[in-house]
2 protein chains.
Amino acid sequence: MRVVCLAGGVGGAKLADGLAQVLQPGELTVVVNTGDDFEHHSLAIWPDHDTVLYTLAGMADPVQGWGIEGESWHVMDQLATLGEPTWFRLGDKDIATHLYRNERLRRGVRPTEIALELAAALGVRSIVLPMTDQPVRTRVRTDEGWLDFQDYFVRLRQEPAVREVAYGGAGLAAATPEVEAAIAAAEIVVVAPSYPVVSIGPILAVPGILESIREVRGRGAPSVGVSGIVGGKALRGPADRMLTSLGEESSALGVARRYAGFDLLDGLAIDDQDASQAGAIAELGIQPLVTATVMTNRASRAALASAVLEFAIGIATGRTTEAGAT
Amino acid sequence: MRVVCLAGGVGGAKLADGLAQVLQPGELTVVVNTGDDFEHHSLAIWPDHDTVLYTLAGMADPVQGWGIEGESWHVMDQLATLGEPTWFRLGDKDIATHLYRNERLRRGVRPTEIALELAAALGVRSIVLPMTDQPVRTRVRTDEGWLDFQDYFVRLRQEPAVREVAYGGAGLAAATPEVEAAIAAAEIVVVAPSYPVVSIGPILAVPGILESIREVRGRGAPSVGVSGIVGGKALRGPADRMLTSLGEESSALGVARRYAGFDLLDGLAIDDQDASQAGAIAELGIQPLVTATVMTNRASRAALASAVLEFAIGIATGRTTEAGAT
């Protein structure tokens, strides 16, 4: 079963891992946000891509969720000695990824091809695609002005309230042929429990992607999401505060409303503790699935992935699972 | 006493360390060969500069002579996993130097300024200057054709016979203001026991350097060298074979003849075991100093540096030390 998953970083990587566990090799294509990408220490760093890559390669650090398990920090320590900033921690193995990428970019290789090469080298049996080959840079407006995303997210630890989000360059970017082909061939589109505004938002801002999803939905393929807001809180990071400071609602319903604005979803999986919001979500024209959405280990990732795929199949065949809906 | 030392890699670094030991802080300026510099894994790598830098910073690996003591190799190992070439070994701390440099170059900072920054960050109290800010790339012609220097030197382990050497870009390069000022202010010029053809040769090929040395010699500052060929053999590497395959003589006298062709030296220090060549060297118009030239530890570096400086002072004052000459 061909599945395309739109994903940001940690939450997206976990669901992608669950999907990879329950699908056959090659059936899963993950389209990752590149709006977080940036250049630092002259390295081309793709945080969301690499989190998905390392997770699918079984290399991800299980505690912090990003980076590589058992990393060492010798390069970083020496950069500190040389007076360089260290707020964005880069492990030694991780730096090898960035050096590989730098060298390939220097040779004129497309980001998409580089992503495919890295996945092959690390034994990943799913397809991980950057949302676009053109640069898109997410920026956030705070009370102190506009900030580059990693400045806000890592250096300032997401402390400033976000008043506005811009996807710099997205209007000039285009979905790659690989992304368009994967979506066109998809039997199910999954929107991972990533930040709606700063992880999924940039993907939807790339001309061609939303259109491709609408087209494939028009041909009967369902699009289902998973809410990353559980009990009114983000499981991780500032997605909840960000929704609030942007004037939206920090809840599963808020997530449903945001995606309804894009006409993105046929269904949305929400957590058991948010069951009371299912009715309001259904009123938006989005079918709710109430289930356990918190992924605490690899087995729960696979369980959520299975539930989401069954839910999507149910929508597609008109036999929507009503069990969870209130 | 202001001293300028022209230097390549390991041999140059050792003598530079000796000079730094016996001079006051700031008195020594090392002008390093940049013809070995290259880009690898998208990093700006300056092998001779870094060998001198690390040696003067007291960080150099004492066994292999290049690289940093106690290095780890995590980045390199992961690059190997990604299928990247590993013939040029880069340690983790060393990579931090290259990343720092990459980032500064990207910001448009001149190589000379970057070198000064690195030396300051690592506590080096001598001045280490690239011979030029423009790219110069040494290439060697072998029976299989032209090779980039590091291809020949590291990847092919100096095995092919060298038929010709070219300093690509040298004609378009220029000595930096810093190099010209250092030479103009020098009371002694020292030519380190580095490869005459591939380490000192590129320095002499940069327009402005040889002219500056001639000018300062014209004002009475002596220029003295140290032969890196001892007993007909290079202490390290292929300098001996290279001289032979280039049709020159692998001996202290051969070194003297090569430098006589540039009218570079007033004096040349040769090893005790080469004492019999002193007469022939004197006939070239170069005063010989016969002394212990093999630097096996930090004390012998300082001893050789002292001997060379005294020798130069003797030449300058007309009271040439005859003791060692036969």
# chains A, B, ... in the order shown; residues from 1 in each chain; ligands from 1
>>> residues_around(residues="Arg241 (chain B)", least_positions_apart="2", cutoff="10 Å", atoms="only C-alpha atoms", output="PyMOL selection string")
chain B and resi 158-162+232-234+237-239+243-250
>>> residues_around(residues="Glu283 (chain B)", least_positions_apart="2", cutoff="12 Å", atoms="only C-alpha atoms", output="list in words")
Leu253, Ala256, Arg257, Ala260, Gly267, Gln277, Ala278, Gly279, Ala280, Ile281, Gly285, Ile286, Gln287 and Pro288 of chain B
>>> write_last_selection(atoms="C-alpha atoms", output="mmCIF file, in the first residue's frame")
data_model
loop_
_atom_site.group_PDB
_atom_site.id
_atom_site.type_symbol
_atom_site.label_atom_id
_atom_site.label_comp_id
_atom_site.auth_asym_id
_atom_site.auth_seq_id
_atom_site.Cartn_x
_atom_site.Cartn_y
_atom_site.Cartn_z
ATOM 1 C CA LEU B 253 74.795 19.982 -2.187
ATOM 2 C CA ALA B 256 72.334 24.203 -2.138
ATOM 3 C CA ARG B 257 72.424 24.133 -5.936
ATOM 4 C CA ALA B 260 71.619 28.948 -5.592
ATOM 5 C CA GLY B 267 74.250 30.343 4.216
ATOM 6 C CA GLN B 277 79.975 18.654 0.838
ATOM 7 C CA ALA B 278 80.720 21.916 2.639
ATOM 8 C CA GLY B 279 83.506 22.906 0.239
ATOM 9 C CA ALA B 280 81.371 22.461 -2.863
ATOM 10 C CA ILE B 281 78.555 24.426 -1.234
ATOM 11 C CA GLY B 285 78.718 31.338 -2.883
ATOM 12 C CA ILE B 286 76.691 29.882 -0.018
ATOM 13 C CA GLN B 287 78.410 29.677 3.358
ATOM 14 C CA PRO B 288 78.020 26.231 4.898
#
>>> residues_around(residues="Glu164 (chain B)", least_positions_apart="3", cutoff="9 Å", atoms="only C-alpha atoms", output="list in words")
Arg139, Val140, Arg141, Thr142, Trp146, Ser245 and Leu246 of chain B
>>> write_last_selection(atoms="C-alpha atoms", output="compact mmCIF listing (two decimals), in the first residue's frame")
# COMPACT_ATOMS: atom_id res chain seq x y z
CA ARG B 139 50.56 19.68 -9.21
CA VAL B 140 53.05 17.01 -10.16
CA ARG B 141 53.53 15.26 -13.48
CA THR B 142 54.11 11.53 -13.19
CA TRP B 146 49.40 15.37 -13.94
CA SER B 245 63.53 12.04 -10.62
CA LEU B 246 63.58 15.77 -11.41
>>> closest_residue(among="B:Ala282, B:Leu304, B:Leu147, B:Ala44", to="chain A", atoms="only C-alpha atoms")
B:Ala44
>>> closest_atom_pairs(of="chain B", to="chain A", cutoff="10 Å", atoms="only C-alpha atoms", output="JSON lines")
{"residue": "B:Glu39", "atom": "CA", "partner": "A:Glu103", "partner_atom": "CA", "distance": 9.6}
{"residue": "B:His40", "atom": "CA", "partner": "A:Glu103", "partner_atom": "CA", "distance": 8.0}
{"residue": "B:His41", "atom": "CA", "partner": "A:Glu103", "partner_atom": "CA", "distance": 5.4}
{"residue": "B:Ser42", "atom": "CA", "partner": "A:Glu103", "partner_atom": "CA", "distance": 4.8}
{"residue": "B:Leu43", "atom": "CA", "partner": "A:Leu99", "partner_atom": "CA", "distance": 8.0}
{"residue": "B:Glu71", "atom": "CA", "partner": "A:His74", "partner_atom": "CA", "distance": 8.8}
{"residue": "B:Ser72", "atom": "CA", "partner": "A:His74", "partner_atom": "CA", "distance": 7.5}
{"residue": "B:Trp73", "atom": "CA", "partner": "A:Asp92", "partner_atom": "CA", "distance": 8.7}
{"residue": "B:His74", "atom": "CA", "partner": "A:Asp92", "partner_atom": "CA", "distance": 5.8}
{"residue": "B:Val75", "atom": "CA", "partner": "A:Asp92", "partner_atom": "CA", "distance": 5.1}
{"residue": "B:Met76", "atom": "CA", "partner": "A:Ala96", "partner_atom": "CA", "distance": 7.1}
{"residue": "B:Asp77", "atom": "CA", "partner": "A:Lys93", "partner_atom": "CA", "distance": 8.0}
{"residue": "B:Gln78", "atom": "CA", "partner": "A:Lys93", "partner_atom": "CA", "distance": 5.5}
{"residue": "B:Leu79", "atom": "CA", "partner": "A:Ala96", "partner_atom": "CA", "distance": 5.3}
{"residue": "B:Ala80", "atom": "CA", "partner": "A:Ala96", "partner_atom": "CA", "distance": 9.0}
{"residue": "B:Thr81", "atom": "CA", "partner": "A:Ala121", "partner_atom": "CA", "distance": 7.2}
{"residue": "B:Leu82", "atom": "CA", "partner": "A:Ala121", "partner_atom": "CA", "distance": 5.4}
{"residue": "B:Gly83", "atom": "CA", "partner": "A:Ala121", "partner_atom": "CA", "distance": 7.2}
{"residue": "B:Glu84", "atom": "CA", "partner": "A:Tyr100", "partner_atom": "CA", "distance": 7.5}
{"residue": "B:Gly91", "atom": "CA", "partner": "A:Val75", "partner_atom": "CA", "distance": 8.8}
{"residue": "B:Asp92", "atom": "CA", "partner": "A:Val75", "partner_atom": "CA", "distance": 5.1}
{"residue": "B:Lys93", "atom": "CA", "partner": "A:Val75", "partner_atom": "CA", "distance": 5.1}
{"residue": "B:Asp94", "atom": "CA", "partner": "A:Val75", "partner_atom": "CA", "distance": 7.8}
{"residue": "B:Ile95", "atom": "CA", "partner": "A:Val75", "partner_atom": "CA", "distance": 6.5}
{"residue": "B:Ala96", "atom": "CA", "partner": "A:Val75", "partner_atom": "CA", "distance": 5.1}
{"residue": "B:Thr97", "atom": "CA", "partner": "A:Leu79", "partner_atom": "CA", "distance": 7.4}
{"residue": "B:His98", "atom": "CA", "partner": "A:His41", "partner_atom": "CA", "distance": 9.7}
{"residue": "B:Leu99", "atom": "CA", "partner": "A:His41", "partner_atom": "CA", "distance": 5.9}
{"residue": "B:Tyr100", "atom": "CA", "partner": "A:His41", "partner_atom": "CA", "distance": 6.6}
{"residue": "B:Arg101", "atom": "CA", "partner": "A:Ser42", "partner_atom": "CA", "distance": 9.0}
{"residue": "B:Asn102", "atom": "CA", "partner": "A:Ser42", "partner_atom": "CA", "distance": 6.0}
{"residue": "B:Glu103", "atom": "CA", "partner": "A:Ser42", "partner_atom": "CA", "distance": 4.8}
{"residue": "B:Arg104", "atom": "CA", "partner": "A:Ser42", "partner_atom": "CA", "distance": 8.6}
{"residue": "B:Leu105", "atom": "CA", "partner": "A:Ser42", "partner_atom": "CA", "distance": 9.3}
{"residue": "B:Arg106", "atom": "CA", "partner": "A:Ser42", "partner_atom": "CA", "distance": 7.3}
{"residue": "B:Arg107", "atom": "CA", "partner": "A:Ser42", "partner_atom": "CA", "distance": 9.5}
{"residue": "B:Glu117", "atom": "CA", "partner": "A:Leu82", "partner_atom": "CA", "distance": 8.7}
{"residue": "B:Leu118", "atom": "CA", "partner": "A:Leu82", "partner_atom": "CA", "distance": 7.1}
{"residue": "B:Ala119", "atom": "CA", "partner": "A:Leu82", "partner_atom": "CA", "distance": 9.6}
{"residue": "B:Ala120", "atom": "CA", "partner": "A:Leu82", "partner_atom": "CA", "distance": 9.0}
{"residue": "B:Ala121", "atom": "CA", "partner": "A:Leu82", "partner_atom": "CA", "distance": 5.4}
{"residue": "B:Leu122", "atom": "CA", "partner": "A:Leu82", "partner_atom": "CA", "distance": 7.2}
>>> residues_around(residues="region 217-231 of chain B", least_positions_apart="5", cutoff="8 Å", atoms="only C-alpha atoms", output="PyMOL selection string")
chain B and resi 11+186-195+239-240+250-252+255-256+264-271+273-274+293+308+312-313+315-316
>>> write_last_selection(atoms="N, CA and C atoms", output="compact mmCIF listing (two decimals), in the first residue's frame")
# COMPACT_ATOMS: atom_id res chain seq x y z
N GLY B 11 58.86 19.33 8.66
CA GLY B 11 60.21 19.84 8.91
C GLY B 11 60.18 21.32 9.22
N ALA B 186 62.42 41.95 8.47
CA ALA B 186 63.18 40.82 9.03
C ALA B 186 64.65 41.18 9.20
N GLU B 187 65.21 40.71 10.31
CA GLU B 187 66.66 40.83 10.50
C GLU B 187 67.35 39.56 10.02
N ILE B 188 66.61 38.47 9.98
CA ILE B 188 67.12 37.19 9.47
C ILE B 188 65.99 36.49 8.73
N VAL B 189 66.33 35.93 7.58
CA VAL B 189 65.39 35.06 6.87
C VAL B 189 65.90 33.63 6.99
N VAL B 190 65.03 32.73 7.39
CA VAL B 190 65.40 31.32 7.54
C VAL B 190 64.57 30.49 6.57
N VAL B 191 65.21 29.63 5.83
CA VAL B 191 64.50 28.71 4.94
C VAL B 191 64.55 27.34 5.60
N ALA B 192 63.39 26.86 6.01
CA ALA B 192 63.30 25.64 6.81
C ALA B 192 63.69 24.41 6.00
N PRO B 193 64.00 23.30 6.69
CA PRO B 193 64.35 22.05 5.99
C PRO B 193 63.12 21.36 5.42
N SER B 194 62.38 22.08 4.60
CA SER B 194 61.19 21.53 3.95
C SER B 194 61.58 21.11 2.55
N TYR B 195 60.64 20.44 1.85
CA TYR B 195 60.91 20.04 0.47
C TYR B 195 61.32 21.26 -0.35
N ALA B 239 61.33 13.69 -0.63
CA ALA B 239 62.09 14.80 -1.19
C ALA B 239 63.32 14.30 -1.93
N ASP B 240 63.94 13.22 -1.42
CA ASP B 240 65.15 12.70 -2.06
C ASP B 240 64.84 12.11 -3.43
N SER B 250 70.16 14.30 -4.95
CA SER B 250 69.61 14.13 -3.61
C SER B 250 70.74 14.20 -2.59
N SER B 251 71.09 15.43 -2.24
CA SER B 251 72.17 15.64 -1.27
C SER B 251 72.05 17.06 -0.76
N ALA B 252 72.78 17.36 0.30
CA ALA B 252 72.82 18.73 0.80
C ALA B 252 73.31 19.66 -0.31
N VAL B 255 70.54 20.46 -2.65
CA VAL B 255 69.67 21.50 -2.07
C VAL B 255 70.32 22.87 -2.26
N ALA B 256 71.61 22.93 -1.98
CA ALA B 256 72.33 24.20 -2.14
C ALA B 256 72.26 24.68 -3.58
N LEU B 264 68.94 32.59 -3.39
CA LEU B 264 68.08 32.74 -2.20
C LEU B 264 68.87 32.88 -0.91
N LEU B 265 70.06 32.20 -0.84
CA LEU B 265 70.71 31.99 0.46
C LEU B 265 72.08 32.65 0.57
N ASP B 266 72.36 33.11 1.81
CA ASP B 266 73.74 33.47 2.16
C ASP B 266 74.44 32.28 2.82
N GLY B 267 73.64 31.47 3.51
CA GLY B 267 74.25 30.34 4.22
C GLY B 267 73.32 29.14 4.22
N LEU B 268 73.90 27.96 4.39
CA LEU B 268 73.09 26.74 4.47
C LEU B 268 73.65 25.84 5.56
N ALA B 269 72.80 25.46 6.50
CA ALA B 269 73.20 24.51 7.53
C ALA B 269 73.01 23.10 6.98
N ILE B 270 74.08 22.30 7.07
CA ILE B 270 74.01 20.91 6.63
C ILE B 270 74.43 20.02 7.79
N ASP B 271 74.06 18.76 7.69
CA ASP B 271 74.30 17.87 8.82
C ASP B 271 75.77 17.44 8.90
N GLN B 273 77.04 14.64 9.05
CA GLN B 273 77.43 13.53 8.16
C GLN B 273 77.61 13.97 6.71
N ASP B 274 77.24 15.22 6.40
CA ASP B 274 77.43 15.75 5.05
C ASP B 274 78.58 16.74 4.98
N THR B 293 71.62 18.57 12.44
CA THR B 293 70.39 19.15 11.90
C THR B 293 69.15 18.29 12.15
N VAL B 308 71.33 28.06 13.95
CA VAL B 308 71.03 28.72 12.68
C VAL B 308 71.02 30.24 12.87
N ALA B 312 73.53 32.93 11.20
CA ALA B 312 73.05 34.07 10.42
C ALA B 312 73.64 35.37 10.95
N ILE B 313 73.68 35.49 12.27
CA ILE B 313 74.25 36.71 12.87
C ILE B 313 75.73 36.83 12.50
N ILE B 315 77.12 35.68 9.82
CA ILE B 315 77.20 36.11 8.42
C ILE B 315 76.96 37.62 8.33
N ALA B 316 75.95 38.07 9.07
CA ALA B 316 75.58 39.49 9.00
C ALA B 316 76.70 40.39 9.50
>>> select_by_dssp(residues="region 25-63 of chain A", states="alpha helix (DSSP H)", output="PyMOL selection string")
chain A and resi 47-56
>>> residues_around(residues="Val10 (chain B)", least_positions_apart="6", cutoff="8 Å", atoms="only C-alpha atoms", output="VMD selection string")
chain B and resid 48 51 to 52 65 to 66 194
>>> write_last_selection(atoms="C-alpha atoms", output="PDB file, in the first residue's frame")
ATOM      1  CA  ASP B  48      51.208  22.894   5.838  1.00  0.00           C
ATOM      2  CA  THR B  51      50.944  21.494  10.785  1.00  0.00           C
ATOM      3  CA  VAL B  52      52.825  24.680  11.666  1.00  0.00           C
ATOM      4  CA  GLY B  65      54.099  14.895  12.921  1.00  0.00           C
ATOM      5  CA  TRP B  66      50.813  16.134  11.441  1.00  0.00           C
ATOM      6  CA  SER B 194      61.191  21.534   3.951  1.00  0.00           C
TER       7      SER B 194
END
>>> residues_around(residues="Pro207 (chain A)", least_positions_apart="6", cutoff="8 Å", atoms="only C-alpha atoms", output="VMD selection string")
chain A and resid 170 to 171 173 to 175
>>> select_by_dssp(residues="region 44-279 of chain A", states="strand (DSSP E)", output="compact mmCIF listing (two decimals) with C-alpha atoms, in the first residue's frame")
# COMPACT_ATOMS: atom_id res chain seq x y z
CA ALA A 44 24.06 22.52 5.18
CA ILE A 45 21.92 21.35 8.10
CA ILE A 127 11.79 7.02 0.67
CA VAL A 128 12.52 10.33 2.38
CA LEU A 129 12.04 13.38 0.17
CA PRO A 130 12.66 17.05 0.89
CA ARG A 137 13.34 29.43 5.21
CA THR A 138 10.74 29.64 7.95
CA ARG A 139 10.95 32.81 10.01
CA VAL A 140 8.91 33.85 13.03
CA ARG A 141 7.93 37.32 14.16
CA THR A 142 8.25 37.86 17.89
CA GLY A 145 11.13 41.31 15.45
CA TRP A 146 11.66 38.61 12.86
CA LEU A 147 13.91 35.69 13.75
CA ASP A 148 15.35 32.85 11.72
CA GLU A 164 3.47 35.63 12.81
CA VAL A 165 5.14 32.93 10.72
CA ALA A 166 6.54 33.36 7.21
CA TYR A 167 7.81 30.69 4.84
CA GLY A 168 10.53 32.66 3.06
CA ILE A 188 -3.27 7.15 1.55
CA VAL A 189 -1.88 10.54 2.59
CA VAL A 190 -0.93 10.86 6.26
CA VAL A 191 -0.25 14.18 7.98
CA SER A 223 -5.93 12.11 3.64
CA VAL A 224 -5.76 11.59 7.39
CA GLY A 225 -3.90 13.47 10.07
CA VAL A 226 -2.86 12.90 13.65
CA ILE A 229 -1.91 18.46 20.56
CA VAL A 230 -3.08 16.13 23.33
CA LYS A 233 -0.72 20.60 25.20
CA ALA A 234 1.95 19.83 22.64
CA GLY A 267 -9.96 12.36 8.86
CA LEU A 268 -8.05 13.28 12.01
CA ALA A 269 -6.85 10.94 14.74
CA ILE A 270 -7.11 12.55 18.17
CA ASP A 271 -6.15 11.20 21.54
>>> atom_distance(atom1="CA of Thr291 (chain B)", atom2="CA of Val198 (chain B)")
24.8 Å
>>> residues_around(residues="Ala302 (chain B)", least_positions_apart="2", cutoff="10 Å", atoms="only C-alpha atoms", output="CSV table (one decimal) with C-alpha atoms, in the first residue's frame")
chain,number,residue,atom,x,y,z
B,14,LYS,CA,59.8,21.6,13.8
B,15,LEU,CA,62.3,24.4,13.0
B,16,ALA,CA,59.6,27.0,13.5
B,17,ASP,CA,59.0,25.5,16.9
B,18,GLY,CA,62.7,25.7,17.7
B,19,LEU,CA,62.8,29.3,16.6
B,20,ALA,CA,59.7,30.2,18.6
B,21,GLN,CA,61.4,28.6,21.7
B,22,VAL,CA,64.5,30.8,21.4
B,23,LEU,CA,62.9,34.0,20.2
B,295,MET,CA,65.4,17.4,15.2
B,297,ASN,CA,62.7,16.3,20.2
B,298,ARG,CA,61.8,19.9,21.3
B,299,ALA,CA,65.3,20.5,22.7
B,300,SER,CA,67.0,19.6,19.5
B,304,LEU,CA,69.2,23.8,15.8
B,305,ALA,CA,67.3,27.1,15.8
B,306,SER,CA,69.9,28.7,18.0
B,307,ALA,CA,72.7,27.4,15.8
B,308,VAL,CA,71.0,28.7,12.7
>>> decode(residues="region 243-281 of chain B", atoms="C-alpha atoms", output="compact mmCIF listing (two decimals), in the first residue's frame")
# COMPACT_ATOMS: atom_id res chain seq x y z
CA LEU B 243 65.05 15.59 -6.47
CA THR B 244 66.49 12.59 -8.30
CA SER B 245 63.53 12.04 -10.62
CA LEU B 246 63.58 15.77 -11.41
CA GLY B 247 67.20 15.37 -12.54
CA GLU B 248 68.75 17.03 -9.51
CA GLU B 249 71.00 15.59 -6.84
CA SER B 250 69.61 14.13 -3.61
CA SER B 251 72.17 15.64 -1.27
CA ALA B 252 72.82 18.73 0.80
CA LEU B 253 74.79 19.98 -2.19
CA GLY B 254 71.77 19.37 -4.42
CA VAL B 255 69.67 21.50 -2.07
CA ALA B 256 72.33 24.20 -2.14
CA ARG B 257 72.42 24.13 -5.94
CA ARG B 258 68.66 24.42 -6.20
CA TYR B 259 68.54 27.45 -3.91
CA ALA B 260 71.62 28.95 -5.59
CA GLY B 261 69.52 28.95 -8.77
CA PHE B 262 67.17 31.37 -7.02
CA ASP B 263 70.04 33.34 -5.41
CA LEU B 264 68.08 32.74 -2.20
CA LEU B 265 70.71 31.99 0.46
CA ASP B 266 73.74 33.47 2.16
CA GLY B 267 74.25 30.34 4.22
CA LEU B 268 73.09 26.74 4.47
CA ALA B 269 73.20 24.51 7.53
CA ILE B 270 74.01 20.91 6.63
CA ASP B 271 74.30 17.87 8.82
CA ASP B 272 77.55 16.64 10.33
CA GLN B 273 77.43 13.53 8.16
CA ASP B 274 77.43 15.75 5.05
CA ALA B 275 80.51 17.69 6.11
CA SER B 276 82.39 16.59 2.98
CA GLN B 277 79.98 18.65 0.84
CA ALA B 278 80.72 21.92 2.64
CA GLY B 279 83.51 22.91 0.24
CA ALA B 280 81.37 22.46 -2.86
CA ILE B 281 78.56 24.43 -1.23
